[in-house]
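I have placed the structure first, in the form of structure tokens, so that the comments after it can refer back to it.
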Amino acid sequence: MEERIPRRRLLDKFVKFAAALTTAILSVPPLVMLVVPAFRREQTPWLRVGPISDFRPNEPKAVTLTYQRRDGWVIRTVRTTVYVVVMGEGKVKVLSNICTHANCAVRWEKSKQAFFCPCHDGYFAIDGSVKSGPPTRPLDEFLHKVEGGFLFVRLG
Ligand code: FES
């Protein structure tokens with residue numbers, strides 16, 4: 001014997017299904033707008049470091065930069081120290097002060113003409129390349145530009 005669903009019940013189920021589907025479809029854009037910014041990380045802006053004339057050739061100079069960074073819904077104030085190195089022939093490098101071995105802070109040792117990491121006696125040359133010790137890769141380098149006599153850097 002064949003069981004038949006009454007037309008009214010069938011129509012009722014269809015209307016409920018259509019309502020649920022419409023609700024699901026309409027709720028996607030607001031959810032995307034709510035959730036996506038939480039995972040978005042803005043690119044850092046160009047930061048003005050200072051007049052390029054403040055930096056002397058072969059004398060790395062530490063500069064601490066402060067800026068606001070948005071990570072999703074959170075806006076954080078970030079302080080970062082970089083080393084500005086003017087190489088021969090005016091070539092500029094902006095190096096991270098973070099050792100690539102285990103993230104300790106390095107400092108410029110004028111007497112040794114090298115960046116020194118006190119954690120495990122790591123040494124980096126003036127161009128950031130590894131001189132000795134456990135680090136296996138050079139100091140990170142940041143994108144930079146010189147415009148109107150001023151040095152700008154983009155961190156990360
Ligand atoms: S953290 Fe710099 S040498 Fe280990």
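Ligands are numbered from 1 in the order shown, residues from 1 within each chain, and chains are lettered A, B, ... in the order they appear in the structure tokens.
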Output the neighbourhood of ligand 1 as a PDB file with N, CA and C atoms, in the first residue's frame, that is, all protein and nucleic acid residues with some atom at most 10 Å from the ligand, counting only C-alpha atoms and all ligand atoms.
```pdb
ATOM      1  N   ILE A  98      67.110  41.587  15.992  1.00  0.00           N
ATOM      2  CA  ILE A  98      66.768  40.285  16.583  1.00  0.00           C
ATOM      3  C   ILE A  98      67.623  39.186  15.953  1.00  0.00           C
ATOM      4  N   CYS A  99      68.333  38.474  16.814  1.00  0.00           N
ATOM      5  CA  CYS A  99      69.203  37.386  16.363  1.00  0.00           C
ATOM      6  C   CYS A  99      68.360  36.279  15.714  1.00  0.00           C
ATOM      7  N   THR A 100      68.857  35.754  14.624  1.00  0.00           N
ATOM      8  CA  THR A 100      68.106  34.730  13.895  1.00  0.00           C
ATOM      9  C   THR A 100      68.271  33.334  14.493  1.00  0.00           C
ATOM     10  N   HIS A 101      69.071  33.224  15.547  1.00  0.00           N
ATOM     11  CA  HIS A 101      69.230  31.906  16.180  1.00  0.00           C
ATOM     12  C   HIS A 101      68.083  31.615  17.150  1.00  0.00           C
ATOM     13  N   ALA A 102      67.919  32.475  18.154  1.00  0.00           N
ATOM     14  CA  ALA A 102      66.856  32.232  19.134  1.00  0.00           C
ATOM     15  C   ALA A 102      66.240  33.540  19.628  1.00  0.00           C
ATOM     16  N   ASN A 103      66.242  34.542  18.748  1.00  0.00           N
ATOM     17  CA  ASN A 103      65.515  35.797  18.976  1.00  0.00           C
ATOM     18  C   ASN A 103      66.015  36.681  20.117  1.00  0.00           C
ATOM     19  N   CYS A 104      67.257  36.605  20.482  1.00  0.00           N
ATOM     20  CA  CYS A 104      67.796  37.570  21.444  1.00  0.00           C
ATOM     21  C   CYS A 104      68.119  38.869  20.692  1.00  0.00           C
ATOM     22  N   ALA A 105      68.247  39.948  21.449  1.00  0.00           N
ATOM     23  CA  ALA A 105      68.577  41.228  20.819  1.00  0.00           C
ATOM     24  C   ALA A 105      70.087  41.325  20.595  1.00  0.00           C
ATOM     25  N   VAL A 106      70.461  41.741  19.415  1.00  0.00           N
ATOM     26  CA  VAL A 106      71.876  41.942  19.121  1.00  0.00           C
ATOM     27  C   VAL A 106      72.218  43.410  19.327  1.00  0.00           C
ATOM     28  N   PHE A 116      76.777  41.749  17.916  1.00  0.00           N
ATOM     29  CA  PHE A 116      77.033  40.678  18.874  1.00  0.00           C
ATOM     30  C   PHE A 116      75.730  40.245  19.533  1.00  0.00           C
ATOM     31  N   CYS A 117      75.537  38.952  19.604  1.00  0.00           N
ATOM     32  CA  CYS A 117      74.392  38.402  20.327  1.00  0.00           C
ATOM     33  C   CYS A 117      74.919  37.739  21.592  1.00  0.00           C
ATOM     34  N   PRO A 118      74.556  38.268  22.768  1.00  0.00           N
ATOM     35  CA  PRO A 118      75.110  37.762  24.019  1.00  0.00           C
ATOM     36  C   PRO A 118      74.564  36.395  24.441  1.00  0.00           C
ATOM     37  N   CYS A 119      73.473  35.974  23.858  1.00  0.00           N
ATOM     38  CA  CYS A 119      72.857  34.721  24.323  1.00  0.00           C
ATOM     39  C   CYS A 119      73.739  33.495  24.078  1.00  0.00           C
ATOM     40  N   HIS A 120      74.299  33.387  22.872  1.00  0.00           N
ATOM     41  CA  HIS A 120      75.139  32.219  22.565  1.00  0.00           C
ATOM     42  C   HIS A 120      76.377  32.634  21.787  1.00  0.00           C
ATOM     43  N   ASP A 121      76.820  33.872  22.018  1.00  0.00           N
ATOM     44  CA  ASP A 121      78.021  34.392  21.349  1.00  0.00           C
ATOM     45  C   ASP A 121      77.938  34.336  19.825  1.00  0.00           C
ATOM     46  N   GLY A 122      76.852  34.802  19.311  1.00  0.00           N
ATOM     47  CA  GLY A 122      76.709  34.887  17.854  1.00  0.00           C
ATOM     48  C   GLY A 122      77.236  36.222  17.363  1.00  0.00           C
ATOM     49  N   TYR A 123      77.881  36.215  16.214  1.00  0.00           N
ATOM     50  CA  TYR A 123      78.403  37.453  15.621  1.00  0.00           C
ATOM     51  C   TYR A 123      77.903  37.580  14.190  1.00  0.00           C
ATOM     52  N   PHE A 124      77.513  38.813  13.848  1.00  0.00           N
ATOM     53  CA  PHE A 124      77.072  39.127  12.489  1.00  0.00           C
ATOM     54  C   PHE A 124      77.935  40.261  11.962  1.00  0.00           C
ATOM     55  N   SER A 132      80.095  34.338  12.938  1.00  0.00           N
ATOM     56  CA  SER A 132      80.444  33.137  13.717  1.00  0.00           C
ATOM     57  C   SER A 132      79.343  32.868  14.736  1.00  0.00           C
ATOM     58  N   GLY A 133      79.426  31.685  15.347  1.00  0.00           N
ATOM     59  CA  GLY A 133      78.435  31.298  16.347  1.00  0.00           C
ATOM     60  C   GLY A 133      77.322  30.466  15.744  1.00  0.00           C
ATOM     61  N   PRO A 134      76.313  30.197  16.556  1.00  0.00           N
ATOM     62  CA  PRO A 134      75.257  29.285  16.114  1.00  0.00           C
ATOM     63  C   PRO A 134      74.284  29.801  15.042  1.00  0.00           C
ATOM     64  N   PRO A 135      74.103  31.120  14.856  1.00  0.00           N
ATOM     65  CA  PRO A 135      73.120  31.537  13.834  1.00  0.00           C
ATOM     66  C   PRO A 135      73.479  30.974  12.454  1.00  0.00           C
ATOM     67  N   THR A 136      72.470  30.573  11.718  1.00  0.00           N
ATOM     68  CA  THR A 136      72.701  30.001  10.382  1.00  0.00           C
ATOM     69  C   THR A 136      72.240  30.925   9.264  1.00  0.00           C
TER      70      THR A 136
END
```
Would you list the contacts of region 48-60 of chain A as a PDB file with N, CA and C atoms, in the first residue's frame, taking every protein, DNA or RNA residue within 7 Å and counting only C-alpha atoms, but skipping same-chain residues closer than 4 positions in sequence?
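So around-v3.pdb came out as:
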```pdb
ATOM      1  N   TYR A  83      68.525  48.568  13.089  1.00  0.00           N
ATOM      2  CA  TYR A  83      69.841  49.183  12.878  1.00  0.00           C
ATOM      3  C   TYR A  83      69.906  49.710  11.455  1.00  0.00           C
ATOM      4  N   VAL A  84      70.221  50.984  11.338  1.00  0.00           N
ATOM      5  CA  VAL A  84      70.423  51.581  10.022  1.00  0.00           C
ATOM      6  C   VAL A  84      71.925  51.516   9.734  1.00  0.00           C
ATOM      7  N   VAL A  85      72.242  50.924   8.607  1.00  0.00           N
ATOM      8  CA  VAL A  85      73.650  50.766   8.233  1.00  0.00           C
ATOM      9  C   VAL A  85      73.852  51.410   6.866  1.00  0.00           C
ATOM     10  N   VAL A  86      74.717  52.416   6.835  1.00  0.00           N
ATOM     11  CA  VAL A  86      75.100  53.009   5.557  1.00  0.00           C
ATOM     12  C   VAL A  86      76.412  52.355   5.161  1.00  0.00           C
ATOM     13  N   MET A  87      76.333  51.572   4.098  1.00  0.00           N
ATOM     14  CA  MET A  87      77.514  50.848   3.634  1.00  0.00           C
ATOM     15  C   MET A  87      78.328  51.777   2.739  1.00  0.00           C
ATOM     16  N   GLY A  88      79.427  51.270   2.230  1.00  0.00           N
ATOM     17  CA  GLY A  88      80.203  52.046   1.277  1.00  0.00           C
ATOM     18  C   GLY A  88      79.349  52.375   0.058  1.00  0.00           C
ATOM     19  N   TRP A 108      75.425  46.476  18.312  1.00  0.00           N
ATOM     20  CA  TRP A 108      76.617  46.754  17.526  1.00  0.00           C
ATOM     21  C   TRP A 108      77.808  46.916  18.456  1.00  0.00           C
ATOM     22  N   GLY A 149      65.440  63.213   1.100  1.00  0.00           N
ATOM     23  CA  GLY A 149      66.471  63.265   2.122  1.00  0.00           C
ATOM     24  C   GLY A 149      66.136  62.521   3.396  1.00  0.00           C
ATOM     25  N   PHE A 150      64.939  61.885   3.445  1.00  0.00           N
ATOM     26  CA  PHE A 150      64.534  61.150   4.647  1.00  0.00           C
ATOM     27  C   PHE A 150      64.489  59.654   4.375  1.00  0.00           C
ATOM     28  N   LEU A 151      64.881  58.899   5.385  1.00  0.00           N
ATOM     29  CA  LEU A 151      64.843  57.440   5.290  1.00  0.00           C
ATOM     30  C   LEU A 151      63.500  56.952   5.830  1.00  0.00           C
ATOM     31  N   PHE A 152      62.861  56.083   5.057  1.00  0.00           N
ATOM     32  CA  PHE A 152      61.600  55.462   5.466  1.00  0.00           C
ATOM     33  C   PHE A 152      61.812  53.942   5.483  1.00  0.00           C
ATOM     34  N   VAL A 153      61.120  53.289   6.392  1.00  0.00           N
ATOM     35  CA  VAL A 153      61.237  51.822   6.472  1.00  0.00           C
ATOM     36  C   VAL A 153      59.842  51.217   6.628  1.00  0.00           C
TER      37      VAL A 153
END
```
*When DSSP works through the backbone of this structure, what residues of chain A end up as strand (DSSP E or B), shown as a ChimeraX atom specification?*
/A:41,47-51,57,61-71,74-86,92-96,98,105,107-109,114-117,122-124,130-132,141,143-147,150-154
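For the pair CA of Thr80 (chain A) and CA of Arg137 (chain A), the separation is 20.3 Å.
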*For Arg79 (chain A), which of A:Thr66, A:Pro138, A:Lys145, A:Gln43 is the closest residue, counting only C-alpha atoms?*
A:Thr66
*Using only C-alpha atoms, which residue out of A:Phe115, A:Trp73, A:Tyr67, A:Trp46 lies closest to Val146 (chain A)?*
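The shortest atom-to-atom distance to Val146 (chain A) comes from A:Trp46.
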_Filtered DSSP result for chain A, state alpha helix (DSSP H), as a PyMOL selection string_ = chain A and resi 7-39
